[in-house]
file run_2.cif (mmCIF, C-alpha atoms)
data_my_file
loop_
_atom_site.label_atom_id
_atom_site.label_comp_id
_atom_site.auth_asym_id
_atom_site.auth_seq_id
_atom_site.Cartn_x
_atom_site.Cartn_y
_atom_site.Cartn_z
CA MET A 53 108.68 -90.68 108.90
CA LYS A 54 107.70 -93.41 106.48
CA TRP A 55 104.33 -93.12 104.78
CA SER A 56 102.36 -96.11 103.55
CA GLU A 57 100.90 -95.84 100.05
CA THR A 58 97.40 -95.49 101.55
CA GLU A 59 98.55 -92.66 103.80
CA LYS A 60 100.26 -90.90 100.94
CA LYS A 61 97.15 -91.21 98.81
CA ALA A 62 94.88 -89.91 101.61
CA ALA A 63 97.20 -86.97 102.20
CA GLN A 64 97.23 -86.04 98.52
CA VAL A 65 93.44 -86.22 98.41
CA ALA A 66 93.14 -83.98 101.48
CA LEU A 67 95.59 -81.48 100.02
CA GLN A 68 93.73 -81.40 96.73
CA ARG A 69 90.44 -80.88 98.55
CA ALA A 70 91.83 -77.97 100.55
CA LYS A 71 93.25 -76.43 97.39
CA GLU A 72 89.88 -76.64 95.66
CA ARG A 73 88.19 -74.98 98.63
CA GLU A 74 90.70 -72.17 98.86
CA THR A 75 90.61 -71.71 95.08
CA GLY A 76 86.81 -71.58 95.07
CA THR A 77 86.83 -68.91 97.74
CA LEU A 78 89.44 -66.93 95.83
CA LEU A 79 87.46 -67.12 92.57
CA LYS A 80 84.36 -65.78 94.31
CA GLU A 81 86.37 -63.00 95.94
CA ILE A 82 87.98 -61.96 92.64
CA ARG A 83 84.70 -61.97 90.74
CA SER A 84 83.03 -59.94 93.46
CA LYS A 85 85.84 -57.39 93.82
CA ALA A 86 86.31 -57.04 90.06
CA SER A 87 82.63 -56.47 89.38
CA ALA A 88 82.67 -53.51 91.80
CA ILE A 89 85.77 -51.87 90.31
CA ALA A 90 85.12 -48.29 89.22
CA GLU A 91 88.54 -46.60 89.40
CA LEU A 92 92.08 -47.24 88.28
CA ASP A 93 93.36 -47.34 91.88
CA GLU A 94 91.02 -50.25 92.56
CA VAL A 95 92.48 -52.12 89.59
CA TRP A 96 95.93 -51.75 91.12
CA HIS A 97 94.62 -52.89 94.52
CA LEU A 98 93.25 -55.99 92.80
CA HIS A 99 96.65 -56.49 91.20
CA GLU A 100 98.34 -56.34 94.62
CA LEU A 101 95.82 -58.75 96.09
CA LEU A 102 96.50 -61.21 93.27
CA SER A 103 100.25 -60.89 93.71
CA ALA A 104 99.89 -61.77 97.38
CA LYS A 105 97.47 -64.66 96.74
CA ARG A 106 99.66 -66.11 94.03
CA HIS A 107 102.68 -66.08 96.26
CA LYS A 108 100.69 -67.68 99.08
CA ILE A 109 98.86 -70.36 97.09
CA ASP A 110 101.76 -71.33 94.86
CA GLY A 111 103.96 -71.74 97.90
CA LYS A 112 101.48 -73.62 100.04
CA TYR A 113 100.29 -76.59 98.02
CA ASP A 114 103.47 -78.55 98.12
CA TYR A 115 102.89 -82.22 97.38
CA ARG A 116 106.35 -83.49 98.36
CA ASN A 117 106.11 -86.12 101.08
CA SER A 118 108.81 -84.48 103.16
CA VAL A 119 106.69 -81.41 103.85
CA LEU A 120 103.19 -82.88 103.51
CA ILE A 121 102.56 -83.22 107.25
CA SER A 122 103.35 -79.59 108.00
CA VAL A 123 101.28 -78.43 105.02
CA LEU A 124 98.30 -80.46 106.25
CA VAL A 125 98.62 -79.17 109.82
CA TRP A 126 98.78 -75.64 108.49
CA LEU A 127 95.68 -76.18 106.35
CA VAL A 128 93.73 -77.43 109.36
CA LYS A 129 94.80 -74.36 111.33
CA GLN A 130 93.67 -72.14 108.48
CA ARG A 131 90.37 -74.07 108.36
CA TRP A 132 90.75 -75.23 104.76
CA LEU A 133 90.63 -78.80 106.10
CA HIS A 134 88.91 -80.51 109.02
CA LEU A 135 90.85 -82.87 111.23
CA TYR A 136 88.34 -85.67 110.52
CA GLU A 137 89.25 -85.50 106.85
CA LEU A 138 92.80 -86.62 107.52
CA MET B 241 110.78 -26.05 72.71
CA LYS B 242 109.08 -23.42 74.82
CA TRP B 243 105.42 -23.98 75.68
CA SER B 244 103.01 -21.14 76.38
CA GLU B 245 100.80 -21.53 79.44
CA THR B 246 97.80 -22.11 77.14
CA GLU B 247 99.63 -24.86 75.25
CA LYS B 248 100.71 -26.52 78.47
CA LYS B 249 97.18 -26.44 79.78
CA ALA B 250 95.74 -27.87 76.53
CA ALA B 251 98.32 -30.66 76.52
CA GLN B 252 97.54 -31.59 80.12
CA VAL B 253 93.84 -31.69 79.33
CA ALA B 254 94.42 -33.92 76.29
CA LEU B 255 96.63 -36.26 78.30
CA GLN B 256 94.06 -36.48 81.06
CA ARG B 257 91.33 -37.20 78.52
CA ALA B 258 93.34 -40.01 76.94
CA LYS B 259 94.08 -41.48 80.36
CA GLU B 260 90.38 -41.50 81.23
CA ARG B 261 89.57 -43.26 77.96
CA GLU B 262 92.24 -45.88 78.36
CA THR B 263 91.30 -46.38 82.02
CA GLY B 264 87.63 -46.75 81.12
CA THR B 265 88.46 -49.41 78.56
CA LEU B 266 90.68 -51.22 81.05
CA LEU B 267 87.97 -51.19 83.74
CA LYS B 268 85.49 -52.73 81.32
CA GLU B 269 88.01 -55.36 80.25
CA ILE B 270 88.85 -56.30 83.84
CA ARG B 271 85.22 -56.54 84.91
CA SER B 272 84.39 -58.64 81.88
CA LYS B 273 87.37 -61.00 82.23
CA ALA B 274 86.95 -61.35 85.98
CA SER B 275 83.25 -62.16 85.78
CA ALA B 276 84.08 -65.10 83.47
CA ILE B 277 86.82 -66.53 85.68
CA ALA B 278 86.20 -70.16 86.60
CA GLU B 279 89.66 -71.60 87.25
CA LEU B 280 92.78 -70.75 89.16
CA ASP B 281 94.86 -70.51 85.98
CA GLU B 282 92.56 -67.78 84.74
CA VAL B 283 93.15 -65.84 87.95
CA TRP B 284 96.88 -65.95 87.29
CA HIS B 285 96.34 -64.87 83.67
CA LEU B 286 94.39 -61.89 84.98
CA HIS B 287 97.27 -61.18 87.34
CA GLU B 288 99.73 -61.19 84.43
CA LEU B 289 97.48 -58.94 82.37
CA LEU B 290 97.30 -56.47 85.26
CA SER B 291 101.08 -56.51 85.73
CA ALA B 292 101.54 -55.63 82.05
CA LYS B 293 98.85 -52.92 82.08
CA ARG B 294 100.22 -51.35 85.22
CA HIS B 295 103.69 -51.14 83.78
CA LYS B 296 102.31 -49.66 80.55
CA ILE B 297 99.88 -47.15 82.03
CA ASP B 298 102.09 -45.97 84.88
CA GLY B 299 104.92 -45.39 82.43
CA LYS B 300 102.90 -43.67 79.75
CA TYR B 301 101.06 -40.81 81.40
CA ASP B 302 104.04 -38.63 82.03
CA TYR B 303 103.04 -35.01 82.58
CA ARG B 304 106.54 -33.50 82.42
CA ASN B 305 106.77 -30.85 79.71
CA SER B 306 109.98 -32.31 78.34
CA VAL B 307 108.28 -35.51 77.19
CA LEU B 308 104.73 -34.30 76.69
CA ILE B 309 104.95 -33.94 72.90
CA SER B 310 106.17 -37.50 72.38
CA VAL B 311 103.54 -38.86 74.80
CA LEU B 312 100.79 -37.01 72.89
CA VAL B 313 102.04 -38.26 69.51
CA TRP B 314 102.13 -41.77 70.86
CA LEU B 315 98.57 -41.47 72.22
CA VAL B 316 97.32 -40.33 68.81
CA LYS B 317 99.04 -43.30 67.17
CA GLN B 318 97.44 -45.62 69.70
CA ARG B 319 94.06 -43.93 69.03
CA TRP B 320 93.49 -42.79 72.59
CA LEU B 321 93.44 -39.22 71.24
CA HIS B 322 92.36 -37.61 67.99
CA LEU B 323 94.60 -35.10 66.26
CA TYR B 324 91.82 -32.52 66.34
CA GLU B 325 91.84 -32.65 70.14
CA LEU B 326 95.35 -31.24 70.31
#

call {"tool": "encode", "arguments": {"input": "run_2.cif", "output": "structure tokens"}}
result
Amino acid sequence: MKWSETEKKAAQVALQRAKERETGTLLKEIRSKASAIAELDEVWHLHELLSAKRHKIDGKYDYRNSVLISVLVWLVKQRWLHLYEL
Amino acid sequence: MKWSETEKKAAQVALQRAKERETGTLLKEIRSKASAIAELDEVWHLHELLSAKRHKIDGKYDYRNSVLISVLVWLVKQRWLHLYEL
């Protein structure tokens, strides 16, 4: 599939928007969980949560054109993007 | 070196006390750092900090008699225990 420059640009913008949304949600979650931490076990649970999130987020926001379509479809399914934003 | 039951008990108590102190300090640090998090990079820095702490704390509090003396000496050096508590 050949993307026009406008399409590429729109896709990048949508991806960036989804990343900001997911990041914002993660920041809130981390602040909330961390403020309630009272035991060492909970620190390690937070560590495991962050390991999982890092793996997921680092892997997902892939800006290469060859995979952009599938990333965008996935983000819509996960509700980080609306179809009308594409 | 042969430990008496009283010595063993005292060493365990000292180790537990040091662990509680170090854990308490870690909990405060995590809550403080996490409450100030505003960007994704800072989340990943927190993740790295937790990885390092986990490795350090899990490895340090070793209750086997064979290594207890060296663990206690190390905890005094690191100021998690006072000499007079031993």

call {"tool": "residues_around", "arguments": {"input": "run_2.cif", "residues": "stretch 249-263 of chain B", "least_positions_apart": "5", "cutoff": "7 Å", "atoms": "only C-alpha atoms", "output": "list in words"}}
result
Leu92 of chain A; Tyr303, Leu312, Trp320, Leu321, Glu325 and Leu326 of chain B

call {"tool": "resolve_selection", "arguments": {"input": "run_2.cif", "expression": "the PyMOL selection byres ((chain A and resi 103) around 12)", "output": "PDB file with C-alpha atoms, in the coordinates of the input"}}
result
ATOM      1  CA  TRP A  96      95.930 -51.750  91.120  1.00  0.00           C
ATOM      2  CA  HIS A  97      94.620 -52.890  94.520  1.00  0.00           C
ATOM      3  CA  LEU A  98      93.250 -55.990  92.800  1.00  0.00           C
ATOM      4  CA  HIS A  99      96.650 -56.490  91.200  1.00  0.00           C
ATOM      5  CA  GLU A 100      98.340 -56.340  94.620  1.00  0.00           C
ATOM      6  CA  LEU A 101      95.820 -58.750  96.090  1.00  0.00           C
ATOM      7  CA  LEU A 102      96.500 -61.210  93.270  1.00  0.00           C
ATOM      8  CA  ALA A 104      99.890 -61.770  97.380  1.00  0.00           C
ATOM      9  CA  LYS A 105      97.470 -64.660  96.740  1.00  0.00           C
ATOM     10  CA  ARG A 106      99.660 -66.110  94.030  1.00  0.00           C
ATOM     11  CA  HIS A 107     102.680 -66.080  96.260  1.00  0.00           C
ATOM     12  CA  LYS A 108     100.690 -67.680  99.080  1.00  0.00           C
ATOM     13  CA  ILE A 109      98.860 -70.360  97.090  1.00  0.00           C
ATOM     14  CA  ASP A 110     101.760 -71.330  94.860  1.00  0.00           C
TER      15      ASP A 110
ATOM     16  CA  VAL B 283      93.150 -65.840  87.950  1.00  0.00           C
ATOM     17  CA  TRP B 284      96.880 -65.950  87.290  1.00  0.00           C
ATOM     18  CA  HIS B 285      96.340 -64.870  83.670  1.00  0.00           C
ATOM     19  CA  LEU B 286      94.390 -61.890  84.980  1.00  0.00           C
ATOM     20  CA  HIS B 287      97.270 -61.180  87.340  1.00  0.00           C
ATOM     21  CA  GLU B 288      99.730 -61.190  84.430  1.00  0.00           C
ATOM     22  CA  LEU B 289      97.480 -58.940  82.370  1.00  0.00           C
ATOM     23  CA  LEU B 290      97.300 -56.470  85.260  1.00  0.00           C
ATOM     24  CA  SER B 291     101.080 -56.510  85.730  1.00  0.00           C
TER      25      SER B 291
END

call {"tool": "closest_residue", "arguments": {"input": "run_2.cif", "among": "B:Leu266, B:Val316, B:Ile309, B:Ser244", "to": "A:Asp93", "atoms": "all atoms listed in the file"}}
result
B:Leu266

call {"tool": "closest_residue", "arguments": {"input": "run_2.cif", "among": "B:Thr265, B:Gln318, B:Ser275, B:Thr246", "to": "chain A", "atoms": "all atoms listed in the file"}}
result
B:Ser275

call {"tool": "atom_distance", "arguments": {"input": "run_2.cif", "atom1": "atom CA of B:Lys242", "atom2": "atom CA of B:Lys300"}}
result
21.7 Å

call {"tool": "closest_residue", "arguments": {"input": "run_2.cif", "among": "A:Glu57, A:Ala86, A:Ser122, A:Lys129", "to": "chain B", "atoms": "only C-alpha atoms"}}
result
A:Ala86

call {"tool": "closest_residue", "arguments": {"input": "run_2.cif", "among": "B:Lys248, B:Arg271, B:Arg304, B:His322", "to": "chain A", "atoms": "all atoms listed in the file"}}
result
B:Arg271

call {"tool": "atom_distance", "arguments": {"input": "run_2.cif", "atom1": "atom CA of B:Gly264", "atom2": "atom CA of A:Ala88"}}
result
13.6 Å

call {"tool": "atom_distance", "arguments": {"input": "run_2.cif", "atom1": "atom CA of B:Tyr324", "atom2": "atom CA of A:Ala90"}}
result
28.6 Å

call {"tool": "closest_residue", "arguments": {"input": "run_2.cif", "among": "A:Leu127, A:Leu135, A:Ile82, A:Leu120", "to": "chain B", "atoms": "all atoms listed in the file"}}
result
A:Ile82

call {"tool": "axis_aligned_box", "arguments": {"input": "run_2.cif", "around": "stretch 285-289 of chain B", "padding_each_side": "6 Å", "output": "lines of an AutoDock Vina configuration file"}}
result
center_x = 97.1
center_y = -61.9
center_z = 84.9
size_x = 17.3
size_y = 17.9
size_z = 17.0
